[in-house]
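Raw contents of work.csv, CSV, C-alpha atoms and all ligand atoms:
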chain,number,residue,atom,x,y,z
U,1,MET,CA,0.0,0.0,0.0
U,2,LYS,CA,2.6,2.4,1.1
U,3,ASP,CA,4.6,2.5,-2.1
U,4,LEU,CA,1.5,2.6,-4.4
U,5,SER,CA,1.5,5.6,-6.6
U,6,PHE,CA,-1.8,6.8,-8.0
U,7,ARG,CA,-3.6,10.1,-8.4
U,8,ARG,CA,-6.2,11.3,-5.9
U,9,HIS,CA,-9.0,12.6,-8.0
U,10,ARG,CA,-11.3,12.6,-5.0
U,11,ARG,CA,-9.4,15.5,-3.5
U,12,LEU,CA,-11.4,17.8,-5.7
U,13,ARG,CA,-14.7,16.1,-4.8
U,14,GLN,CA,-14.6,16.3,-1.1
U,15,SER,CA,-17.1,19.1,-0.4
U,16,ALA,CA,-19.8,21.0,-2.2
U,17,SER,CA,-17.7,24.1,-2.2
U,18,VAL,CA,-14.7,22.5,-3.8
U,19,ARG,CA,-16.9,20.7,-6.3
U,20,SER,CA,-18.4,24.0,-7.2
U,21,MET,CA,-14.9,25.5,-7.7
U,22,VAL,CA,-13.8,22.9,-10.2
U,23,ARG,CA,-17.1,22.6,-12.1
U,24,GLU,CA,-16.5,23.0,-15.8
U,25,THR,CA,-20.0,23.5,-17.1
U,26,HIS,CA,-22.7,25.8,-15.8
U,27,LEU,CA,-26.3,26.4,-16.8
U,28,HIS,CA,-27.6,29.9,-16.8
U,29,LYS,CA,-31.1,31.3,-17.4
U,30,GLU,CA,-29.6,33.0,-20.5
U,31,ASP,CA,-28.9,29.6,-22.1
U,32,PHE,CA,-32.6,28.8,-22.7
U,33,ILE,CA,-35.1,29.4,-25.4
U,34,TYR,CA,-38.7,28.4,-24.5
U,35,PRO,CA,-41.1,27.1,-27.1
U,36,ILE,CA,-44.7,28.5,-27.2
U,37,PHE,CA,-47.6,27.1,-29.2
U,38,VAL,CA,-50.2,29.6,-30.3
U,39,THR,CA,-53.6,28.7,-31.6
U,40,GLU,CA,-56.6,30.6,-33.0
U,41,GLY,CA,-59.8,31.3,-31.1
U,42,ALA,CA,-60.3,32.7,-27.6
U,43,ASN,CA,-60.0,31.3,-24.1
U,44,GLU,CA,-57.9,28.4,-25.2
U,45,LYS,CA,-55.4,26.9,-22.9
U,46,ASN,CA,-55.1,23.3,-24.0
U,47,GLU,CA,-52.6,21.0,-22.4
U,48,VAL,CA,-50.9,18.8,-24.9
U,49,PRO,CA,-51.8,15.3,-23.8
U,50,SER,CA,-48.4,13.8,-24.5
U,51,MET,CA,-46.6,16.8,-23.1
U,52,PRO,CA,-47.7,17.5,-19.5
U,53,GLY,CA,-47.1,21.2,-18.6
U,54,VAL,CA,-47.0,22.3,-22.2
U,55,TYR,CA,-50.1,24.2,-23.6
U,56,GLN,CA,-51.5,25.6,-26.8
U,57,TRP,CA,-52.5,29.2,-26.1
U,58,SER,CA,-54.9,31.5,-27.7
U,59,LEU,CA,-53.7,35.0,-28.1
U,60,ASP,CA,-56.0,36.5,-25.4
U,61,LEU,CA,-54.3,34.2,-22.8
U,62,VAL,CA,-50.8,33.8,-24.1
U,63,ASP,CA,-49.5,36.8,-22.2
U,64,THR,CA,-49.7,34.8,-18.9
U,65,GLU,CA,-47.2,32.4,-20.3
U,66,VAL,CA,-45.0,35.0,-21.9
U,67,ASN,CA,-45.0,37.0,-18.6
U,68,GLU,CA,-43.8,34.0,-16.7
U,69,VAL,CA,-40.9,33.5,-19.1
U,70,VAL,CA,-39.9,37.1,-18.9
U,71,GLU,CA,-40.1,37.2,-15.1
U,72,LEU,CA,-37.9,34.1,-14.9
U,73,GLY,CA,-35.3,36.0,-17.0
U,74,ILE,CA,-35.3,33.6,-20.0
U,75,PRO,CA,-34.2,35.8,-22.9
U,76,ALA,CA,-36.0,34.2,-25.8
U,77,ILE,CA,-39.1,32.2,-27.0
U,78,ILE,CA,-39.7,30.4,-30.2
U,79,VAL,CA,-43.3,30.6,-31.6
U,80,PHE,CA,-45.0,27.7,-33.2
U,81,GLY,CA,-48.4,28.2,-34.9
U,82,VAL,CA,-51.4,25.9,-34.8
U,83,PRO,CA,-53.6,27.5,-37.5
U,84,ASN,CA,-57.3,26.9,-38.2
U,85,SER,CA,-57.0,26.7,-42.0
U,86,LYS,CA,-54.7,24.6,-44.0
U,87,ASP,CA,-54.2,24.2,-47.8
U,88,ASP,CA,-51.9,22.5,-50.2
U,89,VAL,CA,-49.2,25.2,-50.1
U,90,GLY,CA,-49.5,26.3,-46.5
U,91,SER,CA,-50.8,29.8,-47.3
U,92,SER,CA,-51.6,30.6,-43.6
U,93,ALA,CA,-47.8,30.4,-42.9
U,94,PHE,CA,-47.2,33.6,-44.9
U,95,HIS,CA,-50.4,35.4,-44.4
U,96,ASP,CA,-50.3,38.8,-42.8
U,97,GLN,CA,-53.1,37.7,-40.4
U,98,GLY,CA,-51.7,34.3,-39.9
U,99,ILE,CA,-51.6,33.0,-36.3
U,100,VAL,CA,-47.8,33.3,-36.0
U,101,GLN,CA,-47.8,36.8,-37.4
U,102,LYS,CA,-50.6,37.9,-35.1
U,103,ALA,CA,-48.8,36.3,-32.1
U,104,ILE,CA,-45.5,37.9,-32.8
U,105,ARG,CA,-47.1,41.4,-33.2
U,106,GLN,CA,-48.9,41.1,-29.9
U,107,ILE,CA,-46.0,39.6,-28.0
U,108,LYS,CA,-43.5,42.2,-29.3
U,109,GLU,CA,-45.8,45.0,-28.4
U,110,ASN,CA,-46.2,43.8,-24.8
U,111,HIS,CA,-42.6,42.6,-24.4
U,112,PRO,CA,-40.3,44.6,-26.7
U,113,ASP,CA,-37.2,43.3,-24.9
U,114,LEU,CA,-38.0,39.6,-25.2
U,115,THR,CA,-36.3,38.0,-28.2
U,116,VAL,CA,-39.0,36.4,-30.3
U,117,ILE,CA,-37.9,33.7,-32.7
U,118,ALA,CA,-40.2,32.5,-35.5
U,119,ASP,CA,-40.1,28.8,-36.5
U,120,THR,CA,-40.2,29.0,-40.3
U,121,CYS,CA,-41.8,25.9,-41.8
U,122,LEU,CA,-44.9,24.8,-43.7
U,123,CYS,CA,-45.9,21.5,-42.1
U,124,GLN,CA,-48.3,22.9,-39.6
U,125,PHE,CA,-50.0,24.9,-42.4
U,126,THR,CA,-50.3,22.4,-45.2
U,127,ASP,CA,-53.2,20.0,-45.5
U,128,HIS,CA,-50.9,17.1,-46.3
U,129,GLY,CA,-48.6,17.9,-43.3
U,130,HIS,CA,-45.4,17.9,-45.3
U,131,CYS,CA,-42.9,20.7,-45.0
U,132,GLY,CA,-43.0,21.7,-48.7
U,133,VAL,CA,-45.0,21.8,-51.9
U,134,ILE,CA,-46.1,18.3,-53.1
U,135,GLU,CA,-46.3,17.1,-56.7
U,136,GLU,CA,-47.0,13.5,-57.7
U,137,GLY,CA,-46.3,12.5,-54.1
U,138,LYS,CA,-42.9,14.2,-54.0
U,139,VAL,CA,-41.8,17.2,-51.8
U,140,LEU,CA,-40.5,19.7,-54.3
U,141,ASN,CA,-37.4,21.5,-53.1
U,142,ASP,CA,-37.0,24.6,-55.2
U,143,ARG,CA,-40.7,25.5,-55.4
U,144,THR,CA,-40.8,25.4,-51.6
U,145,LEU,CA,-38.0,27.8,-51.3
U,146,ASP,CA,-40.0,30.8,-52.5
U,147,LEU,CA,-42.7,30.1,-50.0
U,148,LEU,CA,-40.2,29.8,-47.2
U,149,ALA,CA,-38.7,33.1,-48.1
U,150,LYS,CA,-42.2,34.7,-48.2
U,151,THR,CA,-43.0,33.2,-44.8
U,152,ALA,CA,-39.7,34.5,-43.3
U,153,VAL,CA,-40.3,38.0,-44.6
U,154,SER,CA,-43.9,38.1,-43.3
U,155,GLN,CA,-42.6,37.0,-39.9
U,156,ALA,CA,-39.9,39.7,-40.0
U,157,GLU,CA,-42.6,42.2,-40.9
U,158,ALA,CA,-44.6,41.1,-37.9
U,159,GLY,CA,-41.6,41.9,-35.7
U,160,ALA,CA,-39.8,38.6,-35.3
U,161,ASP,CA,-36.2,39.1,-34.0
U,162,ILE,CA,-34.8,35.9,-35.4
U,163,ILE,CA,-35.9,33.5,-38.2
U,164,ALA,CA,-35.5,29.8,-37.5
U,165,PRO,CA,-36.1,27.8,-40.7
U,166,SER,CA,-36.8,24.1,-39.8
U,167,ASN,CA,-37.9,22.5,-43.0
U,168,MET,CA,-34.7,21.0,-44.4
U,169,MET,CA,-35.1,21.9,-48.0
U,170,ASP,CA,-31.7,22.4,-49.7
U,171,GLY,CA,-30.9,26.1,-50.1
U,172,PHE,CA,-33.4,27.3,-47.6
U,173,VAL,CA,-30.9,29.5,-45.8
U,174,ALA,CA,-29.8,31.1,-49.0
U,175,ALA,CA,-33.4,31.7,-50.1
U,176,ILE,CA,-34.4,33.1,-46.8
U,177,ARG,CA,-31.3,35.3,-46.5
U,178,HIS,CA,-31.9,36.7,-50.0
U,179,GLY,CA,-35.6,37.2,-49.2
U,180,LEU,CA,-34.9,39.0,-46.0
U,181,ASP,CA,-32.2,41.2,-47.4
U,182,SER,CA,-34.3,42.2,-50.4
U,183,ALA,CA,-37.1,43.3,-48.1
U,184,GLY,CA,-34.6,45.4,-46.1
U,185,TYR,CA,-34.2,43.0,-43.1
U,186,THR,CA,-30.5,42.6,-43.4
U,187,ASP,CA,-30.1,42.7,-39.6
U,188,ILE,CA,-32.4,39.8,-38.8
U,189,PRO,CA,-30.3,36.7,-37.9
U,190,ILE,CA,-31.1,33.2,-39.2
U,191,MET,CA,-31.0,30.4,-36.6
U,192,SER,CA,-31.0,27.5,-39.0
U,193,TYR,CA,-32.1,24.0,-38.1
U,194,ALA,CA,-28.9,23.0,-39.9
U,195,VAL,CA,-28.7,19.4,-38.6
U,196,LYS,CA,-32.2,17.9,-38.2
U,197,TYR,CA,-32.6,14.2,-38.1
U,198,SER,CA,-35.6,12.2,-39.1
U,199,SER,CA,-36.5,11.3,-35.6
U,200,ALA,CA,-39.2,9.4,-33.7
U,201,PHE,CA,-38.5,11.9,-30.8
U,202,TYR,CA,-40.8,14.5,-32.6
U,203,GLY,CA,-43.9,12.4,-31.9
U,204,PRO,CA,-45.4,14.5,-29.1
U,205,PHE,CA,-44.7,17.8,-31.0
U,206,ARG,CA,-46.8,16.6,-33.9
U,207,ASP,CA,-49.6,16.2,-31.4
U,208,ALA,CA,-49.0,19.7,-30.1
U,209,ALA,CA,-48.7,21.3,-33.5
U,210,HIS,CA,-51.0,19.0,-35.5
U,211,SER,CA,-48.3,18.6,-38.1
U,212,SER,CA,-48.0,14.9,-38.8
U,213,PRO,CA,-47.5,14.0,-42.5
U,214,LYS,CA,-50.7,12.5,-43.9
U,215,PHE,CA,-48.8,10.1,-46.1
U,216,GLY,CA,-45.2,8.9,-46.1
U,217,ASP,CA,-42.6,10.3,-43.8
U,218,ARG,CA,-39.9,13.0,-43.8
U,219,LYS,CA,-37.0,10.8,-44.7
U,220,THR,CA,-36.4,12.5,-48.1
U,221,TYR,CA,-35.6,15.8,-46.4
U,222,GLN,CA,-34.7,15.1,-42.7
U,223,MET,CA,-31.4,13.3,-42.0
U,224,ASP,CA,-30.7,9.6,-41.3
U,225,PRO,CA,-29.9,9.2,-37.6
U,226,ALA,CA,-27.0,6.9,-38.5
U,227,ASN,CA,-25.0,9.8,-40.1
U,228,ARG,CA,-22.4,11.9,-38.6
U,229,LEU,CA,-20.3,13.2,-41.5
U,230,GLU,CA,-23.4,14.3,-43.3
U,231,ALA,CA,-24.1,16.6,-40.3
U,232,ILE,CA,-20.9,18.5,-41.0
U,233,ARG,CA,-21.9,18.9,-44.7
U,234,GLU,CA,-25.3,20.2,-43.7
U,235,ALA,CA,-23.7,22.6,-41.2
U,236,GLU,CA,-21.2,23.7,-43.8
U,237,SER,CA,-23.7,24.6,-46.4
U,238,ASP,CA,-25.8,26.6,-44.0
U,239,MET,CA,-22.8,28.5,-42.9
U,240,GLU,CA,-21.9,29.3,-46.6
U,241,GLU,CA,-25.5,30.3,-47.2
U,242,GLY,CA,-25.5,32.8,-44.3
U,243,ALA,CA,-26.8,31.1,-41.2
U,244,ASP,CA,-25.9,32.9,-37.9
U,245,PHE,CA,-26.7,30.1,-35.5
U,246,LEU,CA,-26.8,26.3,-36.1
U,247,ILE,CA,-29.3,24.1,-34.5
U,248,VAL,CA,-28.7,20.4,-33.9
U,249,LYS,CA,-32.0,18.5,-33.4
U,250,PRO,CA,-32.8,16.3,-31.4
U,251,ALA,CA,-30.2,16.8,-28.7
U,252,LEU,CA,-29.9,13.9,-26.3
U,253,SER,CA,-29.1,11.1,-28.7
U,254,TYR,CA,-27.0,13.4,-30.8
U,255,LEU,CA,-24.5,14.9,-28.2
U,256,ASP,CA,-21.6,13.6,-30.4
U,257,VAL,CA,-23.0,15.6,-33.3
U,258,ILE,CA,-23.3,18.8,-31.2
U,259,ARG,CA,-19.7,18.5,-30.3
U,260,GLU,CA,-18.6,18.0,-33.9
U,261,VAL,CA,-20.7,20.8,-35.2
U,262,LYS,CA,-19.4,23.1,-32.5
U,263,ASP,CA,-15.7,22.2,-33.1
U,264,PHE,CA,-16.1,22.4,-36.9
U,265,SER,CA,-18.1,25.6,-37.1
U,266,GLY,CA,-17.1,27.8,-34.2
U,267,TYR,CA,-20.6,29.2,-34.6
U,268,PRO,CA,-23.2,29.6,-31.8
U,269,VAL,CA,-24.7,26.1,-31.6
U,270,VAL,CA,-28.2,25.5,-30.3
U,271,ALA,CA,-29.3,22.1,-29.0
U,272,TYR,CA,-33.0,21.4,-29.5
U,273,ASN,CA,-34.1,19.2,-26.6
U,274,VAL,CA,-37.2,17.9,-28.4
U,275,SER,CA,-40.7,16.9,-27.4
U,276,GLY,CA,-40.1,13.2,-27.1
U,277,GLU,CA,-37.1,13.8,-24.9
U,278,TYR,CA,-39.3,16.0,-22.7
U,279,SER,CA,-42.2,13.6,-22.5
U,280,MET,CA,-40.1,10.6,-21.6
U,281,VAL,CA,-38.8,12.4,-18.5
U,282,LYS,CA,-42.3,13.6,-17.6
U,283,ALA,CA,-43.8,10.2,-17.9
U,284,ALA,CA,-41.1,8.5,-15.8
U,285,SER,CA,-41.2,11.2,-13.2
U,286,GLN,CA,-45.0,11.1,-12.9
U,287,ASN,CA,-44.6,7.4,-12.2
U,288,GLY,CA,-42.1,8.2,-9.5
U,289,TRP,CA,-39.3,6.3,-11.3
U,290,ILE,CA,-36.8,9.1,-11.6
U,291,ASN,CA,-36.1,12.4,-9.9
U,292,GLU,CA,-37.3,14.9,-12.5
U,293,LYS,CA,-35.2,17.9,-11.3
U,294,GLU,CA,-32.0,16.0,-11.2
U,295,ILE,CA,-32.5,14.3,-14.5
U,296,VAL,CA,-33.4,17.5,-16.3
U,297,LEU,CA,-30.5,19.5,-14.9
U,298,GLU,CA,-28.1,16.6,-15.7
U,299,LYS,CA,-29.3,16.3,-19.3
U,300,LEU,CA,-29.2,20.0,-19.9
U,301,THR,CA,-25.7,20.2,-18.4
U,302,SER,CA,-24.7,17.4,-20.8
U,303,MET,CA,-25.9,19.4,-23.8
U,304,LYS,CA,-23.8,22.3,-22.8
U,305,ARG,CA,-20.8,20.1,-22.0
U,306,ALA,CA,-21.2,18.7,-25.5
U,307,GLY,CA,-20.7,22.2,-26.9
U,308,ALA,CA,-24.2,23.7,-27.1
U,309,ASP,CA,-24.3,27.5,-26.4
U,310,LEU,CA,-28.0,27.6,-26.2
U,311,ILE,CA,-30.7,25.0,-25.4
U,312,LEU,CA,-34.2,25.1,-26.9
U,313,THR,CA,-36.2,23.2,-24.3
U,314,TYR,CA,-39.7,22.7,-22.9
U,315,HIS,CA,-38.0,22.3,-19.5
U,316,ALA,CA,-36.7,25.9,-19.6
U,317,LYS,CA,-39.1,27.4,-17.0
U,318,ASP,CA,-38.6,24.5,-14.5
U,319,ALA,CA,-34.9,24.5,-15.1
U,320,VAL,CA,-34.6,28.2,-14.3
U,321,ARG,CA,-36.6,27.8,-11.1
U,322,TRP,CA,-34.5,24.9,-10.0
U,323,LEU,CA,-31.3,26.8,-10.7
U,324,GLN,CA,-32.5,29.6,-8.6
U,325,ILE,CA,-33.2,27.2,-5.7
U,326,ASN,CA,-29.8,25.6,-6.1
U,327,LYS,CA,-28.1,29.1,-6.1
U,328,LYS,CA,-29.7,29.7,-2.7
U,329,GLY,CA,-27.5,27.0,-1.2
U,330,GLU,CA,-28.8,23.5,-2.0
U,331,LYS,CA,-26.5,21.1,-3.7
U,401,LIG,C1,-41.5,21.6,-37.9
U,401,LIG,C2,-40.9,21.3,-36.6
U,401,LIG,C3,-40.9,20.0,-35.9
U,401,LIG,C4,-40.2,20.3,-34.7
U,401,LIG,C5,-39.9,21.6,-34.7
U,401,LIG,N1,-40.2,22.2,-35.9
U,401,LIG,C6,-41.5,18.8,-36.2
U,401,LIG,C7,-41.1,17.9,-37.4
U,401,LIG,O1,-40.1,18.1,-38.1
U,401,LIG,O2,-41.9,17.0,-37.5
U,401,LIG,C8,-40.1,19.2,-33.6
U,401,LIG,C9,-39.9,19.7,-32.2
U,401,LIG,C10,-40.1,18.8,-31.1
U,401,LIG,O3,-40.2,17.6,-31.3
U,401,LIG,O4,-40.0,19.3,-30.0
U,401,LIG,N2,-40.9,21.2,-39.0

With the file now loaded, output its structure as structure tokens.
Ligand code: PBG
Amino acid sequence: MKDLSFRRHRRLRQSASVRSMVRETHLHKEDFIYPIFVTEGANEKNEVPSMPGVYQWSLDLVDTEVNEVVELGIPAIIVFGVPNSKDDVGSSAFHDQGIVQKAIRQIKENHPDLTVIADTCLCQFTDHGHCGVIEEGKVLNDRTLDLLAKTAVSQAEAGADIIAPSNMMDGFVAAIRHGLDSAGYTDIPIMSYAVKYSSAFYGPFRDAAHSSPKFGDRKTYQMDPANRLEAIREAESDMEEGADFLIVKPALSYLDVIREVKDFSGYPVVAYNVSGEYSMVKAASQNGWINEKEIVLEKLTSMKRAGADLILTYHAKDAVRWLQINKKGEK
């Protein structure tokens, strides 16, 4: 025993205060972006059955939700629309009186300092549920680009601070950048869903946003979960086309990809902790099988450790509350 030589890693773990001194990764309220679903009508606060604690809000009520976010000090929300009317090209996505445009106008008026991000996609707005224009059963890339650019410009006109295109058509960042610049919105950043996998983890979101494809799947435009190098190619083209932030989505099963994209790009990288990742934690904690607070803070910390600068998460409000409690001396 006496002559054994080994390193004593436990020296730095012996007390809460020493552990806090050598902690490498910290979560802050400024790391979070909170998703909000807005719906038409009045007096609607509908809990999404597969996402306990997440609601669709009509515009007369949504301010209660936004106020909570602002009071917690979360700097940004992303707005998803649940429209009444759908058609084959998703016209309500780029209508001046579309649900997203109305929501952005109202929220910016009441909360000018909150950063409002617009999700720019067509799937919630098309009657077939795909993210682009369909012809002979195929999603047409280039014809969809015009509609995306139009959608982004109408969201910017409504007051969106950041445009977040999520539909995975090739060239969507170039088309949107060009559209925004031509309309005079040269200062509006693009937070591109650069690396978006075709994932079963989006299931609960499609309940929340009523955006499931009516036929087929999204595998011709979203990425194969088996691919890592392709993520770099996707990130690279979005950088070339003018993206300002790069989203990797989902997050938890793709921490390796977050790290690669961060190292490769040096850009602000956003981890999208998606609906299925949220619902699994909720279901297990409602059954008393896991400690929700500890699991959530552990997984959000892991995303930052993997290289994410920002985290888009349905847990944001809870996480900020738990962090405040921890600051007061727990842990
Ligand atoms: C729209 C969009 C989706 C999500 C965000 N934007 C769904 C999809 O691609 O089907 C998923 C978010 C989540 O699961 O939390 N294209």

Skipping near chain neighbours, those fewer than 4 positions away, what residues fall within 7 Å of U:Leu122 using only C-alpha atoms, listed as a VMD selection string?
-> chain U and resid 90 93 126 131 to 132

Excluding U:Arg259 and residues on its chain fewer than 4 positions from it, collect all residues at most 10 Å away from it, counting all atoms listed in the file, and give them as a ChimeraX atom specification.
-> /U:248,254-255,263-265,269,303-308

Could you tell me, counting all atoms listed in the file, which protein and nucleic acid residues lie no more than 7 Å from ligand LIG 401 (chain U), written as a PyMOL selection string?
-> chain U and resi 119+121+123+131+166-167+201-206+211-212+273-276

Stretch 168-185 of chain U environment, 10 Å, all atoms listed in the file, sequence neighbours closer than 4 positions dropped, as a ChimeraX atom specification = /U:120-121,131-132,139-154,156-157,163-164,189-197,218,220-223,234,237-244

If you keep C-alpha atoms, can you produce a file of those selected residues as an mmCIF file, in the coordinates of the input?
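Writing the result to part-v8.cif gives the following:
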data_model
loop_
_atom_site.group_PDB
_atom_site.id
_atom_site.type_symbol
_atom_site.label_atom_id
_atom_site.label_comp_id
_atom_site.auth_asym_id
_atom_site.auth_seq_id
_atom_site.Cartn_x
_atom_site.Cartn_y
_atom_site.Cartn_z
ATOM 1 C CA THR U 120 -40.200 29.000 -40.300
ATOM 2 C CA CYS U 121 -41.800 25.900 -41.800
ATOM 3 C CA CYS U 131 -42.900 20.700 -45.000
ATOM 4 C CA GLY U 132 -43.000 21.700 -48.700
ATOM 5 C CA VAL U 139 -41.800 17.200 -51.800
ATOM 6 C CA LEU U 140 -40.500 19.700 -54.300
ATOM 7 C CA ASN U 141 -37.400 21.500 -53.100
ATOM 8 C CA ASP U 142 -37.000 24.600 -55.200
ATOM 9 C CA ARG U 143 -40.700 25.500 -55.400
ATOM 10 C CA THR U 144 -40.800 25.400 -51.600
ATOM 11 C CA LEU U 145 -38.000 27.800 -51.300
ATOM 12 C CA ASP U 146 -40.000 30.800 -52.500
ATOM 13 C CA LEU U 147 -42.700 30.100 -50.000
ATOM 14 C CA LEU U 148 -40.200 29.800 -47.200
ATOM 15 C CA ALA U 149 -38.700 33.100 -48.100
ATOM 16 C CA LYS U 150 -42.200 34.700 -48.200
ATOM 17 C CA THR U 151 -43.000 33.200 -44.800
ATOM 18 C CA ALA U 152 -39.700 34.500 -43.300
ATOM 19 C CA VAL U 153 -40.300 38.000 -44.600
ATOM 20 C CA SER U 154 -43.900 38.100 -43.300
ATOM 21 C CA ALA U 156 -39.900 39.700 -40.000
ATOM 22 C CA GLU U 157 -42.600 42.200 -40.900
ATOM 23 C CA ILE U 163 -35.900 33.500 -38.200
ATOM 24 C CA ALA U 164 -35.500 29.800 -37.500
ATOM 25 C CA PRO U 189 -30.300 36.700 -37.900
ATOM 26 C CA ILE U 190 -31.100 33.200 -39.200
ATOM 27 C CA MET U 191 -31.000 30.400 -36.600
ATOM 28 C CA SER U 192 -31.000 27.500 -39.000
ATOM 29 C CA TYR U 193 -32.100 24.000 -38.100
ATOM 30 C CA ALA U 194 -28.900 23.000 -39.900
ATOM 31 C CA VAL U 195 -28.700 19.400 -38.600
ATOM 32 C CA LYS U 196 -32.200 17.900 -38.200
ATOM 33 C CA TYR U 197 -32.600 14.200 -38.100
ATOM 34 C CA ARG U 218 -39.900 13.000 -43.800
ATOM 35 C CA THR U 220 -36.400 12.500 -48.100
ATOM 36 C CA TYR U 221 -35.600 15.800 -46.400
ATOM 37 C CA GLN U 222 -34.700 15.100 -42.700
ATOM 38 C CA MET U 223 -31.400 13.300 -42.000
ATOM 39 C CA GLU U 234 -25.300 20.200 -43.700
ATOM 40 C CA SER U 237 -23.700 24.600 -46.400
ATOM 41 C CA ASP U 238 -25.800 26.600 -44.000
ATOM 42 C CA MET U 239 -22.800 28.500 -42.900
ATOM 43 C CA GLU U 240 -21.900 29.300 -46.600
ATOM 44 C CA GLU U 241 -25.500 30.300 -47.200
ATOM 45 C CA GLY U 242 -25.500 32.800 -44.300
ATOM 46 C CA ALA U 243 -26.800 31.100 -41.200
ATOM 47 C CA ASP U 244 -25.900 32.900 -37.900
#

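Separating atom CA of U:Asn227 from atom CA of U:His130 is a distance of 22.6 Å.
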
Pick from U:Ile247, U:Ile134, U:Ile78, U:Val257, whichever lies nearest to U:Ile33 using all atoms listed in the file |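 Of all the options, U:Ile78 lies closest to U:Ile33.
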
Within 8 Å of file point (-38.3, 23.0, -24.4), counting all atoms listed in the file, expressed as a VMD selection string = chain U and resid 33 to 35 272 to 275 278 311 to 316

Suppose you want the space between atom CA of U:Ala319 and atom CA of U:Met280; what is it in Å?
->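 One can read the atom CA of U:Ala319 to atom CA of U:Met280 distance as 16.2 Å.
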
Quick one: distance from atom CA of U:Pro75 to atom CA of U:Gln324 in Å, one decimal?
-> 15.7 Å

Looking at all atoms listed in the file, which of U:Ala200, U:Ile232, U:Ala283, U:Val89 is the one that sits closest to U:Met51?
->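 Nearest candidate to U:Met51 out of U:Ala200, U:Ile232, U:Ala283, U:Val89: U:Ala283.
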
Point out the residue among U:Ser58, U:Thr39, U:Ser302, U:Ser15 with the least atom-to-atom distance to U:Leu252, counting all atoms listed in the file.
->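 Smallest distance to U:Leu252 is found for U:Ser302.
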
What's the 12 Å shell around U:Ser285, counting all atoms listed in the file, without same-chain residues fewer than 6 positions away, as a ChimeraX atom specification?
-> /U:52,278-279,291-296

Would you please work out which residue, of U:Ile36, U:Ala76, U:Val70, U:Val116, is nearest to U:Gln56 when using all atoms listed in the file?
-> U:Ile36

U:Val54 surroundings by only C-alpha atoms, 9 Å radius, close-in-sequence under 3 positions cut, as a list in words | Ile36, Phe37, Asn46, Glu47, Val48, Pro49, Ser50, Met51, Ala208 and Tyr314 of chain U

Shortest interatomic distance to U:Val281 - which of U:Glu109, U:Glu30, U:Asp224, U:Glu298, counting all atoms listed in the file |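 The answer is U:Glu298, which sits nearest to U:Val281.
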
In terms of all atoms listed in the file, the residue from U:Pro213, U:Pro268, U:Gly137, U:Gly98 at minimal distance from U:Leu310 is U:Pro268

Nearby residues, (-48.3, 39.4, -25.9) file frame, 10 Å, only C-alpha atoms, as a list in words | Leu59, Asp60, Leu61, Val62, Asp63, Thr64, Glu65, Val66, Asn67, Lys102, Ala103, Ile104, Arg105, Gln106, Ile107, Lys108, Glu109, Asn110, His111 and Pro112 of chain U

Hey, can you spit out that residue selection with C-alpha atoms as an mmCIF file, in the frame of the given file?
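Dumped to selection-v2.cif:
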data_model
loop_
_atom_site.group_PDB
_atom_site.id
_atom_site.type_symbol
_atom_site.label_atom_id
_atom_site.label_comp_id
_atom_site.auth_asym_id
_atom_site.auth_seq_id
_atom_site.Cartn_x
_atom_site.Cartn_y
_atom_site.Cartn_z
ATOM 1 C CA LEU U 59 -53.700 35.000 -28.100
ATOM 2 C CA ASP U 60 -56.000 36.500 -25.400
ATOM 3 C CA LEU U 61 -54.300 34.200 -22.800
ATOM 4 C CA VAL U 62 -50.800 33.800 -24.100
ATOM 5 C CA ASP U 63 -49.500 36.800 -22.200
ATOM 6 C CA THR U 64 -49.700 34.800 -18.900
ATOM 7 C CA GLU U 65 -47.200 32.400 -20.300
ATOM 8 C CA VAL U 66 -45.000 35.000 -21.900
ATOM 9 C CA ASN U 67 -45.000 37.000 -18.600
ATOM 10 C CA LYS U 102 -50.600 37.900 -35.100
ATOM 11 C CA ALA U 103 -48.800 36.300 -32.100
ATOM 12 C CA ILE U 104 -45.500 37.900 -32.800
ATOM 13 C CA ARG U 105 -47.100 41.400 -33.200
ATOM 14 C CA GLN U 106 -48.900 41.100 -29.900
ATOM 15 C CA ILE U 107 -46.000 39.600 -28.000
ATOM 16 C CA LYS U 108 -43.500 42.200 -29.300
ATOM 17 C CA GLU U 109 -45.800 45.000 -28.400
ATOM 18 C CA ASN U 110 -46.200 43.800 -24.800
ATOM 19 C CA HIS U 111 -42.600 42.600 -24.400
ATOM 20 C CA PRO U 112 -40.300 44.600 -26.700
#
